[in-house]
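Undergrad: I am sharing protein_13.cif, which consists of mmCIF, C-alpha atoms:
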```cif
data_model
#
loop_
_atom_site.label_atom_id
_atom_site.label_comp_id
_atom_site.auth_asym_id
_atom_site.auth_seq_id
_atom_site.Cartn_x
_atom_site.Cartn_y
_atom_site.Cartn_z
CA MET W 1 0.00 0.00 0.00
CA ASN W 2 1.67 3.23 -1.05
CA CYS W 3 -0.70 5.55 0.68
CA SER W 4 0.03 5.25 4.33
CA GLU W 5 -1.49 8.34 5.85
CA MET W 6 -3.83 11.26 5.31
CA LYS W 7 -1.90 12.86 2.50
CA GLU W 8 -4.66 14.56 0.63
CA ILE W 9 -7.45 16.92 1.47
CA ALA W 10 -9.81 14.61 -0.43
CA LEU W 11 -9.09 11.86 2.09
CA HIS W 12 -9.96 14.20 4.95
CA ILE W 13 -13.24 14.92 3.19
CA LEU W 14 -14.03 11.20 2.98
CA ASP W 15 -13.14 10.86 6.63
CA ILE W 16 -15.20 13.77 7.91
CA ALA W 17 -18.14 12.69 5.75
CA GLU W 18 -17.95 9.31 7.44
CA ASN W 19 -18.45 11.08 10.78
CA SER W 20 -21.71 12.41 9.38
CA THR W 21 -22.98 9.01 8.34
CA ALA W 22 -21.89 7.60 11.69
CA ALA W 23 -23.95 10.35 13.33
CA GLY W 24 -27.01 8.96 11.59
CA ALA W 25 -27.27 11.66 8.94
CA ASP W 26 -29.18 10.86 5.77
CA LYS W 27 -28.39 14.18 4.12
CA VAL W 28 -24.83 15.37 3.83
CA SER W 29 -23.51 18.29 1.85
CA VAL W 30 -19.90 18.84 0.88
CA SER W 31 -18.54 21.94 -0.72
CA VAL W 32 -15.03 22.67 -1.88
CA ARG W 33 -14.41 26.28 -2.78
CA GLU W 34 -11.19 27.71 -4.11
CA ASP W 35 -11.27 31.41 -3.42
CA GLU W 36 -8.39 32.96 -5.28
CA PRO W 37 -8.89 36.57 -4.15
CA SER W 38 -8.39 35.59 -0.50
CA GLY W 39 -5.95 32.81 -1.40
CA MET W 40 -7.90 30.23 0.58
CA LEU W 41 -9.40 26.82 -0.07
CA HIS W 42 -12.57 26.27 1.92
CA ILE W 43 -14.04 22.86 2.66
CA ARG W 44 -17.45 22.68 4.25
CA ILE W 45 -19.29 19.55 5.31
CA GLY W 46 -22.77 19.79 6.76
CA ASP W 47 -25.16 17.08 7.87
CA ASN W 48 -28.50 16.44 9.51
CA GLY W 49 -27.15 13.84 11.93
CA LYS W 50 -27.62 13.72 15.66
CA GLY W 51 -25.29 16.64 16.35
CA MET W 52 -23.11 17.26 19.35
CA SER W 53 -23.60 18.89 22.72
CA GLN W 54 -21.35 21.75 23.80
CA GLU W 55 -19.45 19.31 25.96
CA GLU W 56 -18.80 16.96 23.04
CA LEU W 57 -17.83 19.90 20.85
CA ASN W 58 -15.22 20.95 23.37
CA LYS W 59 -13.67 17.51 23.30
CA VAL W 60 -13.89 16.81 19.59
CA SER W 61 -10.38 18.03 18.76
CA ASP W 62 -8.86 15.86 21.45
CA PRO W 63 -7.40 12.78 19.76
CA PHE W 64 -8.10 10.74 22.85
CA TYR W 65 -11.79 11.46 22.71
CA THR W 66 -14.28 9.54 20.59
CA SER W 67 -17.97 8.81 20.90
CA ARG W 68 -17.62 5.40 19.38
CA THR W 69 -17.20 2.29 21.42
CA THR W 70 -15.11 0.23 19.02
CA ARG W 71 -11.90 2.04 19.92
CA ARG W 72 -10.64 4.72 22.23
CA VAL W 73 -9.12 7.29 19.96
CA GLY W 74 -10.66 9.70 17.44
CA MET W 75 -8.08 11.07 15.06
CA GLY W 76 -10.19 12.40 12.19
CA ILE W 77 -10.91 15.89 13.46
CA PRO W 78 -7.52 16.44 15.13
CA LEU W 79 -5.77 15.48 11.87
CA ILE W 80 -7.76 17.76 9.62
CA ARG W 81 -7.32 20.55 12.16
CA GLN W 82 -3.59 19.99 12.20
CA HIS W 83 -3.32 19.95 8.43
CA ALA W 84 -5.50 23.06 8.08
CA GLU W 85 -3.50 24.97 10.69
CA MET W 86 -0.18 23.84 9.22
CA SER W 87 -1.12 25.65 6.04
CA GLY W 88 -2.20 28.81 7.83
CA GLY W 89 -5.87 27.92 7.78
CA GLU W 90 -8.24 26.85 10.50
CA LEU W 91 -11.01 24.47 11.44
CA LYS W 92 -14.41 25.45 12.77
CA ILE W 93 -17.14 23.16 13.95
CA GLU W 94 -20.67 24.17 14.73
CA SER W 95 -23.23 21.81 16.08
CA GLU W 96 -26.14 21.45 18.40
CA LYS W 97 -27.61 18.32 19.83
CA GLY W 98 -30.26 17.09 17.42
CA LEU W 99 -29.46 19.69 14.79
CA GLY W 100 -26.66 18.17 12.77
CA ALA W 101 -23.14 19.48 12.43
CA ARG W 102 -21.13 21.71 10.15
CA VAL W 103 -17.40 21.38 9.79
CA GLU W 104 -15.47 24.07 7.96
CA ALA W 105 -11.80 23.80 7.19
CA SER W 106 -9.76 26.39 5.39
CA PHE W 107 -6.35 25.97 3.84
CA CYS W 108 -4.03 28.63 2.51
CA LEU W 109 -3.70 27.84 -1.20
CA SER W 110 -0.13 29.01 -1.68
CA HIS W 111 1.30 27.72 1.61
CA PRO W 112 4.12 25.21 1.00
CA ASP W 113 2.74 22.96 3.74
CA ARG W 114 -0.73 22.82 2.29
CA GLN W 115 -1.66 19.31 1.29
CA PRO W 116 -2.73 18.73 -2.29
CA LEU W 117 -6.46 18.50 -2.84
CA GLY W 118 -5.89 14.99 -4.18
CA ASP W 119 -8.38 12.71 -5.81
CA LEU W 120 -11.56 14.68 -5.24
CA GLU W 121 -13.12 13.03 -8.26
CA GLY W 122 -12.61 9.55 -6.79
CA CYS W 123 -13.84 10.77 -3.43
CA TRP W 124 -17.12 12.05 -4.88
CA LEU W 125 -17.65 8.96 -6.94
CA LEU W 126 -17.17 6.84 -3.86
CA LEU W 127 -19.55 8.92 -1.78
CA VAL W 128 -22.38 8.70 -4.28
CA THR W 129 -21.93 5.05 -5.28
CA ALA W 130 -20.95 3.35 -2.02
CA ASN W 131 -23.37 4.87 0.46
CA PRO W 132 -26.90 3.86 -0.37
CA GLY W 133 -29.38 5.58 1.87
CA ILE W 134 -27.48 8.87 2.10
CA GLU W 135 -28.43 11.91 0.07
CA TRP W 136 -25.25 13.66 -1.01
CA ASP W 137 -25.14 17.21 -2.16
CA LEU W 138 -21.69 17.92 -3.54
CA SER W 139 -20.30 21.08 -5.02
CA CYS W 140 -16.98 22.55 -5.93
CA SER W 141 -16.06 25.90 -7.31
CA SER W 142 -13.16 28.04 -8.35
CA GLY W 143 -12.79 31.35 -10.14
CA LYS W 144 -13.61 29.39 -13.30
CA GLY W 145 -17.07 28.26 -12.28
CA VAL W 146 -19.14 25.93 -10.17
CA PHE W 147 -19.91 22.24 -10.47
CA SER W 148 -22.46 20.58 -8.28
CA ILE W 149 -24.13 17.23 -8.25
CA SER W 150 -26.50 15.47 -5.89
CA THR W 151 -27.65 11.89 -5.53
CA SER W 152 -31.31 12.87 -5.82
CA GLU W 153 -30.56 14.70 -9.06
CA ILE W 154 -28.66 11.69 -10.43
CA ARG W 155 -31.45 9.28 -9.55
CA GLN W 156 -34.11 11.54 -11.00
CA SER W 157 -32.42 12.39 -14.27
CA LEU W 158 -31.26 8.86 -14.94
CA GLU W 159 -34.35 7.14 -13.60
CA VAL W 160 -32.46 4.70 -11.43
CA GLU W 161 -33.08 3.65 -7.86
CA THR W 162 -29.53 2.84 -6.92
CA ILE W 163 -26.46 4.55 -8.24
CA GLY W 164 -24.05 1.84 -9.29
CA GLY W 165 -23.14 -0.68 -11.92
CA THR W 166 -20.03 -0.52 -14.09
CA GLU W 167 -21.46 1.49 -16.87
CA LEU W 168 -23.17 4.17 -14.86
CA THR W 169 -20.18 4.46 -12.54
CA SER W 170 -17.74 4.93 -15.39
CA LEU W 171 -19.98 7.49 -17.07
CA LEU W 172 -20.38 9.38 -13.80
CA LYS W 173 -16.64 9.31 -13.34
CA ARG W 174 -16.10 10.86 -16.75
CA MET W 175 -18.70 13.50 -16.08
CA ILE W 176 -17.18 14.42 -12.71
CA ARG W 177 -13.68 14.48 -14.18
CA ASN W 178 -14.63 16.67 -17.12
CA ASN W 179 -16.26 19.20 -14.84
CA MET W 180 -13.51 19.20 -12.25
CA GLU W 181 -10.80 19.58 -14.86
CA ALA W 182 -12.58 22.63 -16.18
CA LEU W 183 -12.42 24.19 -12.71
CA GLY W 184 -8.69 23.57 -12.44
CA LEU W 185 -8.73 22.79 -8.71
CA GLU W 186 -5.48 21.59 -7.18
CA MET M 1 -15.91 10.61 -27.77
CA ASN M 2 -18.37 13.22 -26.61
CA LYS M 3 -17.49 15.10 -23.48
CA ILE M 4 -19.96 14.34 -20.76
CA LYS M 5 -20.54 17.51 -18.83
CA SER M 6 -24.04 17.14 -17.48
CA LEU M 7 -26.44 14.44 -16.38
CA ALA M 8 -28.35 15.01 -19.61
CA ASP M 9 -25.21 14.16 -21.65
CA LEU M 10 -24.67 11.15 -19.44
CA LYS M 11 -28.21 9.93 -19.91
CA LYS M 12 -27.98 10.30 -23.66
CA ILE M 13 -24.80 8.24 -23.88
CA ARG M 14 -26.18 5.63 -21.52
CA ASP M 15 -29.41 5.32 -23.50
CA GLU M 16 -27.50 4.96 -26.76
CA LYS M 17 -25.38 2.20 -25.29
CA GLN M 18 -28.08 0.51 -23.32
CA SER M 19 -29.47 -1.69 -26.08
CA GLY M 20 -26.16 -3.43 -26.65
CA LEU M 21 -25.26 -4.07 -23.04
CA GLN M 22 -26.67 -6.30 -20.41
CA THR M 23 -27.73 -4.37 -17.38
CA ARG M 24 -28.31 -5.63 -13.95
CA GLU M 25 -29.41 -2.42 -12.36
CA LYS M 26 -32.71 -3.68 -11.15
CA GLY M 27 -34.17 -6.36 -9.09
CA GLU M 28 -31.74 -8.67 -7.45
CA ALA M 29 -32.21 -8.85 -3.70
CA ALA M 30 -29.18 -8.00 -1.57
CA GLU M 31 -29.22 -11.46 0.10
CA ASN M 32 -28.44 -13.10 -3.21
CA LEU M 33 -25.43 -10.94 -3.89
CA VAL M 34 -21.94 -10.92 -2.48
CA GLN M 35 -21.77 -8.07 0.00
CA VAL M 36 -18.51 -6.32 0.68
CA LYS M 37 -18.21 -3.62 3.31
CA VAL M 38 -15.03 -1.61 3.36
CA ALA M 39 -14.18 0.04 6.69
CA MET M 40 -13.52 3.65 5.92
CA ALA M 41 -13.09 5.63 9.09
CA THR M 42 -9.89 7.58 9.76
CA CYS M 43 -7.89 4.42 10.44
CA GLY M 44 -9.03 2.72 7.25
CA ILE M 45 -8.63 5.75 5.02
CA ALA M 46 -5.16 6.49 6.38
CA SER M 47 -4.14 2.91 5.62
CA GLY M 48 -5.30 3.02 2.01
CA ALA M 49 -8.93 1.85 2.20
CA LYS M 50 -9.92 4.13 -0.66
CA GLU M 51 -7.57 2.28 -2.99
CA THR M 52 -8.85 -1.06 -1.68
CA MET M 53 -12.42 0.06 -2.20
CA GLU M 54 -11.78 1.23 -5.76
CA PHE M 55 -9.96 -1.98 -6.56
CA MET M 56 -12.72 -4.18 -5.11
CA THR M 57 -15.47 -2.37 -6.98
CA GLU M 58 -13.64 -2.47 -10.27
CA ALA M 59 -12.29 -6.00 -10.01
CA LEU M 60 -15.61 -7.54 -8.96
CA GLU M 61 -17.38 -5.87 -11.88
CA LYS M 62 -14.71 -6.88 -14.35
CA ARG M 63 -14.69 -10.47 -13.18
CA GLY M 64 -18.43 -10.72 -13.44
CA VAL M 65 -19.20 -11.16 -9.73
CA ASP M 66 -22.57 -9.76 -8.70
CA ALA M 67 -21.66 -7.78 -5.64
CA ILE M 68 -22.57 -4.75 -3.63
CA VAL M 69 -19.60 -2.85 -2.30
CA THR M 70 -20.36 -0.28 0.37
CA GLN M 71 -18.49 2.03 2.64
CA VAL M 72 -18.86 1.58 6.40
CA GLY M 73 -17.31 3.05 9.53
CA CYS M 74 -14.69 1.67 11.86
CA MET M 75 -15.14 -2.00 12.74
CA GLY M 76 -12.73 -1.68 15.63
CA TYR M 77 -9.74 -3.42 14.06
CA CYS M 78 -7.66 -0.31 13.50
CA TYR M 79 -4.46 -2.32 13.82
CA ALA M 80 -5.43 -4.43 10.81
CA GLU M 81 -6.63 -1.79 8.38
CA PRO M 82 -7.67 -1.76 5.64
CA THR M 83 -10.33 -4.22 6.74
CA ILE M 84 -13.26 -5.52 4.74
CA GLU M 85 -16.24 -7.63 5.66
CA VAL M 86 -17.35 -10.15 3.06
CA THR M 87 -20.71 -11.88 3.18
CA LEU M 88 -21.35 -14.58 0.62
CA PRO M 89 -25.01 -15.38 -0.03
CA GLY M 90 -26.30 -17.56 2.79
CA ALA M 91 -22.98 -17.56 4.65
CA GLU M 92 -21.76 -15.90 7.84
CA PRO M 93 -19.80 -12.70 7.30
CA PHE M 94 -16.01 -12.80 7.52
CA VAL M 95 -13.75 -9.88 8.31
CA PHE M 96 -10.38 -9.78 6.58
CA GLY M 97 -7.53 -7.54 7.69
CA GLY M 98 -4.57 -6.01 5.89
CA VAL M 99 -6.46 -5.91 2.63
CA ASN M 100 -4.23 -4.22 0.09
CA ARG M 101 -4.64 -4.82 -3.63
CA GLU M 102 -2.90 -8.19 -3.62
CA LYS M 103 -4.93 -9.40 -0.66
CA ALA M 104 -8.13 -8.11 -2.22
CA ASP M 105 -7.28 -9.96 -5.39
CA GLU M 106 -6.67 -13.17 -3.45
CA ILE M 107 -9.93 -12.77 -1.53
CA ILE M 108 -11.88 -12.37 -4.76
CA GLU M 109 -10.23 -15.28 -6.53
CA LYS M 110 -10.21 -17.74 -3.64
CA TYR M 111 -12.91 -16.83 -1.15
CA ILE M 112 -15.52 -14.97 -3.15
CA LYS M 113 -15.32 -17.15 -6.24
CA ASN M 114 -14.61 -20.54 -4.63
CA GLY M 115 -15.49 -20.22 -0.96
CA GLU M 116 -11.90 -21.17 -0.11
CA LEU M 117 -10.63 -19.48 3.06
CA VAL M 118 -7.49 -17.37 2.91
CA ASP M 119 -5.11 -15.95 5.51
CA GLY M 120 -5.98 -12.66 7.05
CA ILE M 121 -9.34 -13.49 8.60
CA ILE M 122 -9.88 -11.68 11.85
CA PRO M 123 -11.36 -14.19 14.24
CA VAL M 124 -13.95 -12.55 16.38
CA ASN M 125 -16.77 -12.98 18.73
CA TYR M 126 -18.45 -11.19 16.05
CA GLU M 127 -20.84 -8.28 16.07
CA THR M 128 -21.63 -6.55 12.85
CA ILE M 129 -22.04 -2.82 12.64
CA ASP M 130 -25.04 -1.32 10.97
#
```
As structure tokens, what does this structure read like?
TA:
Amino acid sequence: MNCSEMKEIALHILDIAENSTAAGADKVSVSVREDEPSGMLHIRIGDNGKGMSQEELNKVSDPFYTSRTTRRVGMGIPLIRQHAEMSGGELKIESEKGLGARVEASFCLSHPDRQPLGDLEGCWLLLVTANPGIEWDLSCSSGKGVFSISTSEIRQSLEVETIGGTELTSLLKRMIRNNMEALGLE
Amino acid sequence: MNKIKSLADLKKIRDEKQSGLQTREKGEAAENLVQVKVAMATCGIASGAKETMEFMTEALEKRGVDAIVTQVGCMGYCYAEPTIEVTLPGAEPFVFGGVNREKADEIIEKYIKNGELVDGIIPVNYETID
């Protein structure tokens, strides 16, 4: 395995989105916005999951805190925070019990320690094809435009119940790639 | 080849192709399919679960195995990531650890296709996650 750690921002997105599904969300939105005037890359993930109390919010950046019972550490949020801060950005989390959560990470685009965005295309494809039961609302934008796609939109336009199968997946992949390339995100 | 930029383009290409290809989009109940769950929490992702997941999806399709590959959270075996849970129709689920490409390939060829057990099974007093 040549990919032995969280090397890309896209992997953080997958990871944080998994927190949303673990929190029982059935609607999750992800936006990636490259804002050249301010020189920042903004990632925002919002969900309608069970949310967190103030007490949980205070502990969420502690790697030795986790709400799950399968293990005793929770590295996802601390790692994305570290990588955001390393690049001169920051991480903000807003949540209320019962009202979902919103995680916003910013990265300084030109900072030498900023991680590459990575395989955002693969990340989106995975989110929409491998998580039946979750409505994804995904968007990315740069100075060159906006591209957004949602699972409900895919199902409606293509008249399918589940998003999968070789053919559909490869067509979706091409569509996502073509649009992302046009935005020139890095 | 036309550039697919929108869902409308995608639909058009799919509809043109559809007649010539067999589709298995509809119908088949999940119990009759091979189910693969790839653990993709922080531990899994950091160990390369995304690559494992992409490989599994692609390889199963290419080799003509009817399977559903989904993404799940941490199964609690962070030391053995990437881990996957494989359920063959009518069989108990098995969790395999250290599933890189080579291991995934072996699991498909030996266990999924022939029901032959391979190294790397995590023996557990087993509780599945939802």
Undergrad: Could you check how far CA of Ile121 in chain M sits from CA of Gln71 in chain M, in Å to one decimal?
TA: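 Calculated distance between CA of Ile121 in chain M and CA of Gln71 in chain M is 19.0 Å.
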Undergrad: Once the PyMOL selection byres ((chain W and resi 109) around 9) has been evaluated on this model, what residues remain selected, and can you format them as a PyMOL selection string?
TA: chain W and resi 34-36+39-41+87+107-108+110-112+114+186
Undergrad: Could you list the residues in chain M lying within 6 Å of chain W, using all atoms listed in the file, and format the result as number ranges by chain?
TA: M: 4-5, 11, 41-42, 46-48, 70-71, 76, 100
Undergrad: Let me know the residues the PyMOL selection byres ((chain M and resi 77) around 12) catches in the file above, as an MDAnalysis selection string.
TA: (chainID W and resid 69:72) or (chainID M and resid 39:44 47 73:76 78:85 95:98 121:124 126)
Undergrad: Excluding Arg33 in chain W and residues on its chain fewer than 5 positions from it, collect all residues at most 9 Å away from it, counting all atoms listed in the file, and give them as a ChimeraX atom specification.
TA: /W:40-44,139-142,146,185
Undergrad: For those residues, write C-alpha atoms to a file as an mmCIF file, in the coordinates of the input.
TA:
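The file below, again-v6.cif, is the result:
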```
data_model
loop_
_atom_site.group_PDB
_atom_site.id
_atom_site.type_symbol
_atom_site.label_atom_id
_atom_site.label_comp_id
_atom_site.auth_asym_id
_atom_site.auth_seq_id
_atom_site.Cartn_x
_atom_site.Cartn_y
_atom_site.Cartn_z
ATOM 1 C CA MET W 40 -7.900 30.230 0.580
ATOM 2 C CA LEU W 41 -9.400 26.820 -0.070
ATOM 3 C CA HIS W 42 -12.570 26.270 1.920
ATOM 4 C CA ILE W 43 -14.040 22.860 2.660
ATOM 5 C CA ARG W 44 -17.450 22.680 4.250
ATOM 6 C CA SER W 139 -20.300 21.080 -5.020
ATOM 7 C CA CYS W 140 -16.980 22.550 -5.930
ATOM 8 C CA SER W 141 -16.060 25.900 -7.310
ATOM 9 C CA SER W 142 -13.160 28.040 -8.350
ATOM 10 C CA VAL W 146 -19.140 25.930 -10.170
ATOM 11 C CA LEU W 185 -8.730 22.790 -8.710
#
```
Undergrad: Rounded to one decimal, what separation in Å do you get between CA of Val69 in chain M and CA of Gly115 in chain M?
TA: 17.9 Å
Undergrad: Just give me the gap between CA of Met52 in chain W and CA of Glu104 in chain W in Å, one decimal is fine.
TA: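 One can read the CA of Met52 in chain W to CA of Glu104 in chain W distance as 15.3 Å.
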Undergrad: For the file shown, what are the residues hit by the PyMOL selection byres ((chain M and resi 107) around 10), laid out as a count of residues only?
TA: 23
Undergrad: Using only C-alpha atoms, pick whichever of M:Asp15, M:Glu31, M:Asp66, M:Glu58 has the shortest atom-to-atom distance to Glu92 in chain M.
TA: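 Under the stated criterion, the closest residue is M:Glu31.
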Undergrad: Pick from W:Leu183, W:Ile9, W:Ala23, W:Met86: nearest to Gly98 in chain W, with all atoms listed in the file counted?
TA: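 Nearest to Gly98 in chain W: W:Ala23.
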